[in-house]
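Here is run23.csv, consisting of CSV, C-alpha atoms and all ligand atoms:
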chain,number,residue,atom,x,y,z
A,18,MET,CA,-11.5,18.7,-10.6
A,19,PRO,CA,-12.8,15.7,-8.5
A,20,THR,CA,-10.6,12.9,-7.3
A,21,VAL,CA,-11.2,9.2,-7.9
A,22,LEU,CA,-9.3,6.3,-6.3
A,23,ILE,CA,-9.4,3.0,-8.2
A,24,THR,CA,-8.1,-0.4,-6.9
A,25,GLY,CA,-6.6,-2.9,-9.3
A,26,ALA,CA,-5.8,-0.1,-11.7
A,27,ASN,CA,-3.0,-1.6,-13.7
A,28,ARG,CA,-5.0,-3.6,-16.2
A,29,GLY,CA,-8.5,-4.7,-17.4
A,30,LEU,CA,-11.4,-2.6,-16.2
A,31,GLY,CA,-9.3,-0.8,-13.6
A,32,LEU,CA,-7.0,0.6,-16.3
A,33,GLY,CA,-10.1,1.5,-18.3
A,34,PHE,CA,-11.4,3.6,-15.4
A,35,VAL,CA,-8.0,5.3,-15.1
A,36,THR,CA,-7.8,6.4,-18.8
A,37,GLN,CA,-11.4,7.6,-19.0
A,38,TYR,CA,-11.4,9.6,-15.7
A,39,ALA,CA,-8.0,11.1,-16.6
A,40,GLY,CA,-9.4,11.9,-20.1
A,41,GLU,CA,-12.0,14.1,-18.4
A,42,GLY,CA,-9.4,15.9,-16.3
A,43,TRP,CA,-10.1,14.1,-13.0
A,44,ARG,CA,-7.3,13.6,-10.5
A,45,VAL,CA,-6.8,9.9,-10.5
A,46,ILE,CA,-5.2,7.9,-7.7
A,47,ALA,CA,-4.4,4.5,-9.4
A,48,SER,CA,-3.7,1.8,-6.9
A,49,CYS,CA,-2.2,-1.6,-7.7
A,50,ARG,CA,-0.3,-4.3,-5.9
A,51,THR,CA,3.0,-4.1,-7.8
A,52,PRO,CA,3.6,-0.6,-9.3
A,53,GLY,CA,7.0,-1.6,-10.4
A,54,GLU,CA,5.5,-4.1,-12.8
A,55,ALA,CA,2.6,-1.9,-14.0
A,56,GLU,CA,4.3,-0.7,-17.2
A,57,THR,CA,1.3,0.6,-19.1
A,58,LEU,CA,-0.1,2.4,-16.0
A,59,GLY,CA,3.4,3.8,-15.2
A,60,ARG,CA,3.7,5.2,-18.7
A,61,PHE,CA,0.2,6.7,-18.6
A,62,SER,CA,0.9,8.3,-15.3
A,63,ALA,CA,4.2,9.8,-16.5
A,64,GLU,CA,2.4,11.3,-19.5
A,65,ASN,CA,-0.6,12.5,-17.4
A,66,GLY,CA,0.4,14.6,-14.4
A,67,GLN,CA,-2.9,14.2,-12.7
A,68,VAL,CA,-2.6,10.4,-12.4
A,69,SER,CA,-0.6,9.2,-9.4
A,70,VAL,CA,0.2,5.5,-8.8
A,71,VAL,CA,0.1,4.1,-5.2
A,72,GLN,CA,0.8,0.6,-3.9
A,73,MET,CA,-2.1,-1.3,-2.4
A,74,ASP,CA,-2.8,-5.0,-2.2
A,75,VAL,CA,-6.4,-5.2,-1.2
A,76,SER,CA,-5.9,-8.7,0.4
A,77,ASP,CA,-3.1,-7.4,2.6
A,78,HIS,CA,-4.6,-5.2,5.4
A,79,GLY,CA,-1.2,-3.7,6.3
A,80,SER,CA,-0.8,-2.6,2.7
A,81,VAL,CA,-4.2,-1.0,2.7
A,82,ASP,CA,-3.5,0.8,6.0
A,83,ALA,CA,-0.2,2.0,4.7
A,84,CYS,CA,-1.8,3.4,1.5
A,85,ALA,CA,-4.5,5.1,3.6
A,86,ALA,CA,-1.9,6.7,5.9
A,87,GLN,CA,-0.1,8.1,2.8
A,88,LEU,CA,-3.4,9.7,1.8
A,89,THR,CA,-4.4,11.1,5.2
A,90,GLY,CA,-6.5,14.3,4.8
A,91,GLN,CA,-6.8,14.1,1.0
A,92,PRO,CA,-10.4,14.2,-0.2
A,93,ILE,CA,-11.6,11.4,-2.4
A,94,ASP,CA,-14.8,12.1,-4.3
A,95,VAL,CA,-15.3,8.6,-5.7
A,96,LEU,CA,-13.8,5.3,-4.5
A,97,ILE,CA,-14.0,2.4,-7.0
A,98,ASN,CA,-13.4,-1.0,-5.5
A,99,ASN,CA,-12.5,-2.8,-8.7
A,100,ALA,CA,-9.7,-5.3,-7.8
A,101,GLY,CA,-10.9,-8.9,-7.9
A,102,ILE,CA,-9.8,-12.4,-8.7
A,103,ALA,CA,-11.4,-15.6,-10.1
A,104,SER,CA,-10.1,-19.1,-10.1
A,105,ASP,CA,-8.3,-20.3,-13.2
A,106,ASP,CA,-9.6,-23.8,-12.7
A,107,PHE,CA,-13.4,-24.2,-13.1
A,108,ALA,CA,-13.3,-27.8,-11.8
A,109,HIS,CA,-12.0,-26.5,-8.5
A,110,GLN,CA,-14.9,-24.1,-8.2
A,111,MET,CA,-17.6,-26.8,-8.5
A,112,LEU,CA,-19.1,-29.2,-5.9
A,113,GLY,CA,-17.0,-32.3,-5.9
A,114,GLY,CA,-13.7,-30.6,-6.7
A,115,PHE,CA,-13.6,-27.7,-4.2
A,116,ASP,CA,-10.2,-26.1,-3.5
A,117,PHE,CA,-11.0,-24.4,-0.1
A,118,GLU,CA,-7.7,-22.7,0.1
A,119,ASN,CA,-8.3,-21.0,-3.2
A,120,TRP,CA,-11.9,-20.2,-2.1
A,121,GLU,CA,-10.6,-18.4,1.0
A,122,ALA,CA,-8.2,-16.4,-1.2
A,123,ILE,CA,-11.1,-15.4,-3.4
A,124,LEU,CA,-13.2,-14.3,-0.4
A,125,ARG,CA,-10.3,-12.4,1.1
A,126,THR,CA,-9.8,-10.4,-2.1
A,127,ASN,CA,-13.3,-10.0,-3.5
A,128,THR,CA,-15.3,-9.6,-0.3
A,129,LEU,CA,-13.0,-8.5,2.5
A,130,GLY,CA,-10.9,-6.4,0.2
A,131,PRO,CA,-13.6,-3.8,-0.7
A,132,MET,CA,-14.8,-3.7,2.9
A,133,LYS,CA,-11.3,-3.1,4.2
A,134,VAL,CA,-10.5,-0.5,1.6
A,135,SER,CA,-13.8,1.4,2.1
A,136,GLU,CA,-13.3,1.4,5.9
A,137,ALA,CA,-9.6,2.5,5.6
A,138,LEU,CA,-10.5,5.4,3.2
A,139,LEU,CA,-13.8,6.4,4.8
A,140,SER,CA,-12.5,9.6,6.3
A,141,ASN,CA,-11.1,10.7,2.9
A,142,ILE,CA,-14.5,10.0,1.3
A,143,LYS,CA,-16.4,11.9,4.0
A,144,VAL,CA,-14.3,15.1,3.2
A,145,GLY,CA,-14.8,14.6,-0.6
A,146,ALA,CA,-17.5,16.7,-2.4
A,147,GLN,CA,-19.2,13.7,-4.0
A,148,LYS,CA,-18.9,11.1,-1.2
A,149,LYS,CA,-19.4,8.0,-3.4
A,150,ILE,CA,-18.3,4.4,-3.0
A,151,ALA,CA,-18.7,2.0,-5.9
A,152,VAL,CA,-17.9,-1.7,-6.1
A,153,VAL,CA,-17.4,-3.8,-9.3
A,154,SER,CA,-19.4,-6.9,-8.3
A,155,SER,CA,-21.1,-9.3,-10.7
A,156,THR,CA,-24.6,-10.6,-11.6
A,157,VAL,CA,-23.0,-14.0,-10.7
A,158,GLY,CA,-23.4,-12.8,-7.0
A,159,SER,CA,-27.2,-12.3,-7.4
A,160,LEU,CA,-29.2,-14.7,-5.2
A,161,THR,CA,-31.9,-14.9,-7.9
A,162,GLN,CA,-29.9,-15.0,-11.2
A,163,MET,CA,-27.3,-17.1,-12.9
A,164,ASN,CA,-27.8,-20.0,-10.5
A,165,GLU,CA,-27.1,-22.4,-13.4
A,166,TYR,CA,-23.5,-21.2,-13.4
A,167,PRO,CA,-22.0,-23.0,-10.4
A,168,ILE,CA,-18.7,-21.3,-9.7
A,169,TYR,CA,-19.2,-21.3,-5.9
A,170,PRO,CA,-16.1,-19.4,-4.7
A,171,TYR,CA,-16.5,-16.5,-7.1
A,172,ALA,CA,-20.3,-16.4,-6.8
A,173,THR,CA,-20.3,-16.5,-3.0
A,174,SER,CA,-17.6,-13.9,-2.8
A,175,LYS,CA,-19.7,-11.4,-4.8
A,176,ALA,CA,-23.0,-12.3,-3.1
A,177,ALA,CA,-21.4,-11.6,0.3
A,178,LEU,CA,-19.9,-8.4,-1.1
A,179,ASN,CA,-23.4,-7.3,-2.2
A,180,LYS,CA,-24.8,-7.8,1.3
A,181,GLY,CA,-21.9,-5.8,2.7
A,182,ILE,CA,-22.6,-3.0,0.2
A,183,LEU,CA,-26.3,-2.9,1.2
A,184,LEU,CA,-25.4,-2.7,4.9
A,185,MET,CA,-22.9,0.0,4.1
A,186,ALA,CA,-25.4,2.0,2.1
A,187,GLU,CA,-27.7,2.1,5.1
A,188,GLN,CA,-25.1,2.8,7.7
A,189,LEU,CA,-23.6,5.7,5.7
A,190,ARG,CA,-26.9,7.3,4.8
A,191,ASN,CA,-26.7,9.9,7.6
A,192,ASP,CA,-23.2,10.8,6.5
A,193,GLY,CA,-24.3,11.7,3.0
A,194,VAL,CA,-22.2,8.9,1.5
A,195,SER,CA,-23.8,7.0,-1.4
A,196,VAL,CA,-22.9,3.5,-2.3
A,197,LEU,CA,-23.4,1.6,-5.6
A,198,CYS,CA,-23.0,-2.0,-6.6
A,199,LEU,CA,-22.1,-2.6,-10.3
A,200,CYS,CA,-21.9,-5.4,-12.9
A,201,PRO,CA,-19.7,-4.6,-15.9
A,202,GLY,CA,-21.2,-7.3,-18.1
A,203,HIS,CA,-19.1,-10.1,-19.5
A,204,VAL,CA,-16.1,-8.1,-20.5
A,205,LYS,CA,-13.1,-8.9,-22.7
A,206,THR,CA,-10.4,-8.7,-20.0
A,207,ASP,CA,-8.0,-11.3,-18.7
A,208,MET,CA,-10.6,-12.5,-16.3
A,209,GLY,CA,-13.6,-12.3,-18.6
A,210,LEU,CA,-11.8,-14.2,-21.4
A,211,LYS,CA,-11.3,-17.2,-19.0
A,212,ALA,CA,-14.9,-18.1,-19.7
A,213,GLU,CA,-16.6,-18.4,-23.1
A,214,GLY,CA,-18.9,-15.6,-24.3
A,215,ALA,CA,-17.1,-12.4,-23.3
A,216,SER,CA,-18.7,-9.8,-25.6
A,217,VAL,CA,-18.4,-6.4,-23.9
A,218,GLU,CA,-15.5,-4.1,-24.7
A,219,VAL,CA,-13.6,-2.6,-21.7
A,220,VAL,CA,-14.3,0.9,-23.1
A,221,ASP,CA,-18.1,0.3,-23.1
A,222,ALA,CA,-18.2,-1.4,-19.7
A,223,VAL,CA,-16.3,1.4,-18.1
A,224,ALA,CA,-18.2,4.2,-19.8
A,225,GLY,CA,-21.5,2.6,-18.7
A,226,MET,CA,-20.4,2.1,-15.1
A,227,ARG,CA,-19.1,5.7,-15.0
A,228,ASP,CA,-22.5,6.9,-16.1
A,229,GLU,CA,-24.1,4.9,-13.3
A,230,ILE,CA,-21.6,6.4,-10.8
A,231,SER,CA,-22.3,9.8,-12.1
A,232,ASN,CA,-26.0,9.4,-11.8
A,233,LEU,CA,-25.8,8.0,-8.3
A,234,THR,CA,-27.6,10.0,-5.6
A,235,MET,CA,-28.6,9.4,-2.0
A,236,ALA,CA,-32.0,8.4,-3.3
A,237,THR,CA,-30.5,5.6,-5.4
A,238,SER,CA,-27.8,4.6,-2.9
A,239,GLY,CA,-27.8,0.9,-2.3
A,240,SER,CA,-28.7,-0.1,-5.9
A,241,PHE,CA,-27.3,-2.8,-8.1
A,242,LYS,CA,-26.8,-1.7,-11.7
A,243,ARG,CA,-25.5,-3.3,-14.9
A,244,TYR,CA,-23.2,-1.2,-17.1
A,245,ASN,CA,-26.0,-0.7,-19.6
A,246,GLY,CA,-28.3,0.9,-17.0
A,247,GLU,CA,-30.4,-2.1,-16.1
A,248,THR,CA,-31.3,-2.7,-12.5
A,249,ILE,CA,-30.2,-6.2,-11.3
A,250,SER,CA,-32.2,-8.1,-8.8
A,251,TRP,CA,-30.3,-8.9,-5.6
A,301,LIG,N1,-14.4,-9.3,-16.9
A,301,LIG,C1,-15.6,-9.6,-16.6
A,301,LIG,O1,-16.3,-10.2,-17.4
A,301,LIG,C2,-16.2,-9.3,-15.2
A,301,LIG,C3,-17.5,-9.6,-15.0
A,301,LIG,C4,-18.1,-9.3,-13.7
A,301,LIG,C5,-17.3,-8.7,-12.7
A,301,LIG,N2,-16.0,-8.5,-13.0
A,301,LIG,C6,-15.2,-7.8,-11.9
A,301,LIG,O2,-14.5,-6.7,-12.4
A,301,LIG,C7,-13.4,-6.4,-11.6
A,301,LIG,C8,-12.2,-6.2,-12.5
A,301,LIG,O3,-12.0,-7.4,-13.3
A,301,LIG,P1,-11.3,-7.5,-14.7
A,301,LIG,O4,-12.2,-8.1,-15.6
A,301,LIG,O5,-10.7,-6.1,-15.1
A,301,LIG,O6,-10.1,-8.5,-14.3
A,301,LIG,P2,-8.6,-8.6,-14.7
A,301,LIG,O7,-8.3,-8.1,-16.0
A,301,LIG,O8,-8.2,-9.9,-14.3
A,301,LIG,O9,-8.0,-7.5,-13.6
A,301,LIG,C9,-8.0,-7.7,-12.3
A,301,LIG,C10,-7.3,-6.6,-11.6
A,301,LIG,O10,-7.5,-6.8,-10.1
A,301,LIG,C11,-6.2,-6.7,-9.6
A,301,LIG,N3,-6.0,-7.4,-8.3
A,301,LIG,C12,-6.3,-8.7,-8.1
A,301,LIG,N4,-6.0,-9.0,-6.8
A,301,LIG,C13,-5.6,-7.9,-6.2
A,301,LIG,C14,-5.2,-7.5,-4.9
A,301,LIG,N5,-5.1,-8.5,-4.0
A,301,LIG,N6,-4.9,-6.3,-4.7
A,301,LIG,C15,-4.9,-5.3,-5.7
A,301,LIG,N7,-5.3,-5.6,-6.9
A,301,LIG,C16,-5.6,-6.9,-7.2
A,301,LIG,C17,-5.3,-7.2,-10.6
A,301,LIG,O11,-3.9,-6.8,-10.4
A,301,LIG,P3,-2.6,-7.8,-10.8
A,301,LIG,O12,-2.3,-7.4,-12.2
A,301,LIG,O13,-1.6,-7.4,-9.7
A,301,LIG,O14,-3.1,-9.2,-10.7
A,301,LIG,C18,-5.8,-6.5,-11.9
A,301,LIG,O15,-5.4,-5.2,-11.9
A,301,LIG,C19,-13.2,-7.6,-10.7
A,301,LIG,O16,-13.7,-7.3,-9.4
A,301,LIG,C20,-14.1,-8.7,-11.3
A,301,LIG,O17,-14.6,-9.6,-10.4
A,301,LIG,C21,-15.4,-8.7,-14.2

Kindly transcribe the structure held in the file into structure tokens.
Amino acid sequence: MPTVLITGANRGLGLGFVTQYAGEGWRVIASCRTPGEAETLGRFSAENGQVSVVQMDVSDHGSVDACAAQLTGQPIDVLINNAGIASDDFAHQMLGGFDFENWEAILRTNTLGPMKVSEALLSNIKVGAQKKIAVVSSTVGSLTQMNEYPIYPYATSKAALNKGILLMAEQLRNDGVSVLCLCPGHVKTDMGLKAEGASVEVVDAVAGMRDEISNLTMATSGSFKRYNGETISW
């Protein structure tokens, strides 16, 4: 069976990906920053032999390199860059109240994190059969949509991530690696419930994004898709 590596796999959408891929028999490498505290994931892994838990903090490059070293030579069919953060305080995300330290932390996790993880695991992906990299981005990062929702740090972190993904899709085309940018919708997770209006269940967001990953080909590499199949304008 194929292998998927998921970042931020201990709760929310990440845990949803773990349970659904494992349910279909995939080998799952579930990464999270504090495995010792990931009780639900730990229990699931203990009950499902094909799910292994590894430590990786995507904002700590030493931690990413250590995880990659542990996986040297192991093929990864699909990498899902899912880990992400948003500010708890909307006032600090808006012009007039910026908290630049928090903004830097969001950029480090949401933008640099997926770039660093993808780079560190590229040799594993290249020896995988499917050779796919997906990122869980957001429509909030679109340059043309949701501009009435001024959460600057989170929005700019996803916009910059999107550009990185487009560049990566082009650069990796000759290697046969396909790259996909995803939006899960407004999902009922810890993050999603910080803002009013979360309406999408984790199970549906994950199922939809898995369909998009499954349908990804070299011809559609570099696309931006919502969990329900819609194409999002950059
Ligand atoms: N929920 C939504 O409505 C929505 C909408 C658009 C996009 N997204 C994106 O979807 C992704 C998943 O979000 P979610 O809704 O599932 O949020 P969530 O429930 O808050 O989960 C976030 C996950 O990311 C992990 N994480 C955060 N920083 C990390 C780091 N430095 N290293 C490793 N893991 C880290 C968290 O681990 P800890 O438990 O250790 O904190 C947690 O597992 C994010 O990229 C988010 O931006 C979500």

Per residue of chain A within 6 Å of ligand LIG 301 (chain A), what are the shortest atom pair and its distance in Å to one decimal, counting only C-alpha atoms and all ligand atoms, with rows by chain and residue number, as JSON lines?
{"residue": "A:Thr24", "atom": "CA", "partner": "A:LIG301", "partner_atom": "N7", "distance": 5.9}
{"residue": "A:Gly25", "atom": "CA", "partner": "A:LIG301", "partner_atom": "O15", "distance": 3.7}
{"residue": "A:Ala26", "atom": "CA", "partner": "A:LIG301", "partner_atom": "O15", "distance": 5.1}
{"residue": "A:Asn27", "atom": "CA", "partner": "A:LIG301", "partner_atom": "O15", "distance": 4.7}
{"residue": "A:Arg28", "atom": "CA", "partner": "A:LIG301", "partner_atom": "O15", "distance": 4.6}
{"residue": "A:Gly29", "atom": "CA", "partner": "A:LIG301", "partner_atom": "O5", "distance": 3.5}
{"residue": "A:Leu30", "atom": "CA", "partner": "A:LIG301", "partner_atom": "O5", "distance": 3.7}
{"residue": "A:Gly31", "atom": "CA", "partner": "A:LIG301", "partner_atom": "O5", "distance": 5.7}
{"residue": "A:Cys49", "atom": "CA", "partner": "A:LIG301", "partner_atom": "C15", "distance": 5.0}
{"residue": "A:Arg50", "atom": "CA", "partner": "A:LIG301", "partner_atom": "C15", "distance": 4.7}
{"residue": "A:Thr51", "atom": "CA", "partner": "A:LIG301", "partner_atom": "O13", "distance": 6.0}
{"residue": "A:Met73", "atom": "CA", "partner": "A:LIG301", "partner_atom": "C15", "distance": 5.9}
{"residue": "A:Asp74", "atom": "CA", "partner": "A:LIG301", "partner_atom": "N6", "distance": 3.5}
{"residue": "A:Val75", "atom": "CA", "partner": "A:LIG301", "partner_atom": "N6", "distance": 4.0}
{"residue": "A:Ser76", "atom": "CA", "partner": "A:LIG301", "partner_atom": "N5", "distance": 4.5}
{"residue": "A:Asn99", "atom": "CA", "partner": "A:LIG301", "partner_atom": "O16", "distance": 4.7}
{"residue": "A:Ala100", "atom": "CA", "partner": "A:LIG301", "partner_atom": "O10", "distance": 3.5}
{"residue": "A:Gly101", "atom": "CA", "partner": "A:LIG301", "partner_atom": "O16", "distance": 3.6}
{"residue": "A:Ile102", "atom": "CA", "partner": "A:LIG301", "partner_atom": "C12", "distance": 5.1}
{"residue": "A:Thr126", "atom": "CA", "partner": "A:LIG301", "partner_atom": "N5", "distance": 5.4}
{"residue": "A:Val153", "atom": "CA", "partner": "A:LIG301", "partner_atom": "O16", "distance": 5.1}
{"residue": "A:Ser154", "atom": "CA", "partner": "A:LIG301", "partner_atom": "C5", "distance": 5.2}
{"residue": "A:Ser155", "atom": "CA", "partner": "A:LIG301", "partner_atom": "C4", "distance": 4.2}
{"residue": "A:Cys200", "atom": "CA", "partner": "A:LIG301", "partner_atom": "C4", "distance": 5.5}
{"residue": "A:Pro201", "atom": "CA", "partner": "A:LIG301", "partner_atom": "C4", "distance": 5.4}
{"residue": "A:Gly202", "atom": "CA", "partner": "A:LIG301", "partner_atom": "C3", "distance": 5.3}
{"residue": "A:His203", "atom": "CA", "partner": "A:LIG301", "partner_atom": "O1", "distance": 3.5}
{"residue": "A:Val204", "atom": "CA", "partner": "A:LIG301", "partner_atom": "O1", "distance": 3.7}
{"residue": "A:Lys205", "atom": "CA", "partner": "A:LIG301", "partner_atom": "N1", "distance": 6.0}
{"residue": "A:Thr206", "atom": "CA", "partner": "A:LIG301", "partner_atom": "O7", "distance": 4.6}
{"residue": "A:Asp207", "atom": "CA", "partner": "A:LIG301", "partner_atom": "O7", "distance": 4.2}
{"residue": "A:Met208", "atom": "CA", "partner": "A:LIG301", "partner_atom": "O8", "distance": 4.1}
{"residue": "A:Gly209", "atom": "CA", "partner": "A:LIG301", "partner_atom": "N1", "distance": 3.5}

Exercise. Extract, using only C-alpha atoms, all DNA, RNA and protein residues at most 10 Å from Val144 (chain A), discarding same-chain residues fewer than 5 positions from it, and format them as a PyMOL selection string.
Key: chain A and resi 90-94+139

Quiz item: In Å, how far is it from CA of Lys149 (chain A) to CA of Leu96 (chain A)?
Solution: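 Distance between the two atoms: 6.3 Å.
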
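When all atoms listed in the file are used to compute distances to Arg227 (chain A), the closest of the residues A:Leu197, A:Ala47, A:Ala146, A:Val81 turns out to be A:Leu197.
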
Quiz item: Hey, which of A:Thr237, A:Ala224, A:Tyr171, A:Asn98 ends up closest to Gly40 (chain A)? Count only C-alpha atoms.
Solution: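 With only C-alpha atoms as the atom set, the closest residue is A:Ala224.
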
Quiz item: Got a sec: who's within 8 Å of region 111-124 of chain A, counting all atoms listed in the file, leaving out chain neighbours fewer than 5 positions off, as a list of chain:residue names?
Solution: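 The residues satisfying every condition are A:Gly101, A:Ile102, A:Ala103, A:Ser104, A:Leu129, A:Pro167, A:Ile168, A:Tyr169, A:Pro170, A:Tyr171, A:Thr173, A:Ser174.
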
Practice problem: Would you list the residues near (-4.1, 6.4, -18.3) (no more than 8 Å away, in the coordinates of the file, using all atoms listed in the file) as a VMD selection string? | Solution: chain A and resid 32 to 33 35 to 37 39 to 40 57 to 58 60 to 62 65 68

Practice problem: Could you give me, as a PyMOL selection string, the residues that have an atom at most 9 Å away from the point (-13.1, 12.7, -10.6) in the coordinates of the file, using all atoms listed in the file? | Solution: chain A and resi 18-22+38-39+41-45+93-95

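Separating CA of Arg243 (chain A) from CA of Ile150 (chain A) is a distance of 15.9 Å.
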
For region 35-43 of chain A, which lacks atoms in the input, supply all heavy atoms and format the output as a short mmCIF file (atom, residue, chain, number, x, y, z; two decimals), keeping the file's coordinate frame.
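Writing the result to part_23.cif gives the following:
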data_model
loop_
_atom_site.label_atom_id
_atom_site.label_comp_id
_atom_site.auth_asym_id
_atom_site.auth_seq_id
_atom_site.Cartn_x
_atom_site.Cartn_y
_atom_site.Cartn_z
N VAL A 35 -9.06 4.34 -15.20
CA VAL A 35 -8.00 5.30 -15.10
C VAL A 35 -7.97 6.22 -16.34
O VAL A 35 -7.98 7.46 -16.26
CB VAL A 35 -6.61 4.65 -14.92
CG1 VAL A 35 -5.48 5.69 -15.02
CG2 VAL A 35 -6.53 3.91 -13.59
N THR A 36 -7.97 5.60 -17.52
CA THR A 36 -7.80 6.40 -18.80
C THR A 36 -9.05 7.28 -18.99
O THR A 36 -8.91 8.44 -19.40
CB THR A 36 -7.57 5.48 -19.97
OG1 THR A 36 -8.61 4.52 -20.06
CG2 THR A 36 -6.25 4.77 -19.86
N GLN A 37 -10.24 6.75 -18.69
CA GLN A 37 -11.40 7.60 -19.00
C GLN A 37 -11.58 8.74 -17.98
O GLN A 37 -11.88 9.86 -18.39
CB GLN A 37 -12.70 6.70 -18.94
CG GLN A 37 -12.76 5.76 -20.14
CD GLN A 37 -14.13 5.14 -20.35
OE1 GLN A 37 -15.15 5.61 -19.84
NE2 GLN A 37 -14.17 4.05 -21.11
N TYR A 38 -11.35 8.49 -16.68
CA TYR A 38 -11.40 9.60 -15.70
C TYR A 38 -10.36 10.65 -16.01
O TYR A 38 -10.61 11.86 -15.98
CB TYR A 38 -11.37 9.12 -14.28
CG TYR A 38 -12.69 8.61 -13.74
CD1 TYR A 38 -12.89 7.27 -13.47
CD2 TYR A 38 -13.76 9.50 -13.50
CE1 TYR A 38 -14.10 6.80 -12.96
CE2 TYR A 38 -14.98 9.05 -13.00
CZ TYR A 38 -15.14 7.70 -12.73
OH TYR A 38 -16.35 7.26 -12.25
N ALA A 39 -9.13 10.16 -16.29
CA ALA A 39 -8.00 11.10 -16.60
C ALA A 39 -8.37 11.91 -17.83
O ALA A 39 -8.10 13.11 -17.90
CB ALA A 39 -6.73 10.34 -16.76
N GLY A 40 -8.99 11.25 -18.81
CA GLY A 40 -9.40 11.90 -20.10
C GLY A 40 -10.32 13.07 -19.83
O GLY A 40 -10.38 14.01 -20.63
N GLU A 41 -11.08 12.98 -18.75
CA GLU A 41 -12.00 14.10 -18.40
C GLU A 41 -11.43 15.04 -17.43
O GLU A 41 -12.14 15.88 -16.88
CB GLU A 41 -13.33 13.49 -17.94
CG GLU A 41 -14.08 12.79 -19.05
CD GLU A 41 -15.53 12.52 -18.73
OE1 GLU A 41 -15.96 12.71 -17.58
OE2 GLU A 41 -16.24 12.08 -19.66
N GLY A 42 -10.13 14.88 -17.14
CA GLY A 42 -9.40 15.90 -16.30
C GLY A 42 -9.49 15.57 -14.80
O GLY A 42 -9.02 16.38 -14.00
N TRP A 43 -10.08 14.42 -14.42
CA TRP A 43 -10.10 14.10 -13.00
C TRP A 43 -8.70 13.87 -12.48
O TRP A 43 -7.81 13.45 -13.21
CB TRP A 43 -10.93 12.82 -12.75
CG TRP A 43 -12.42 12.96 -12.82
CD1 TRP A 43 -13.14 13.52 -13.84
CD2 TRP A 43 -13.37 12.50 -11.86
NE1 TRP A 43 -14.48 13.44 -13.56
CE2 TRP A 43 -14.65 12.82 -12.35
CE3 TRP A 43 -13.28 11.84 -10.63
CZ2 TRP A 43 -15.82 12.51 -11.66
CZ3 TRP A 43 -14.45 11.53 -9.94
CH2 TRP A 43 -15.70 11.87 -10.45
#
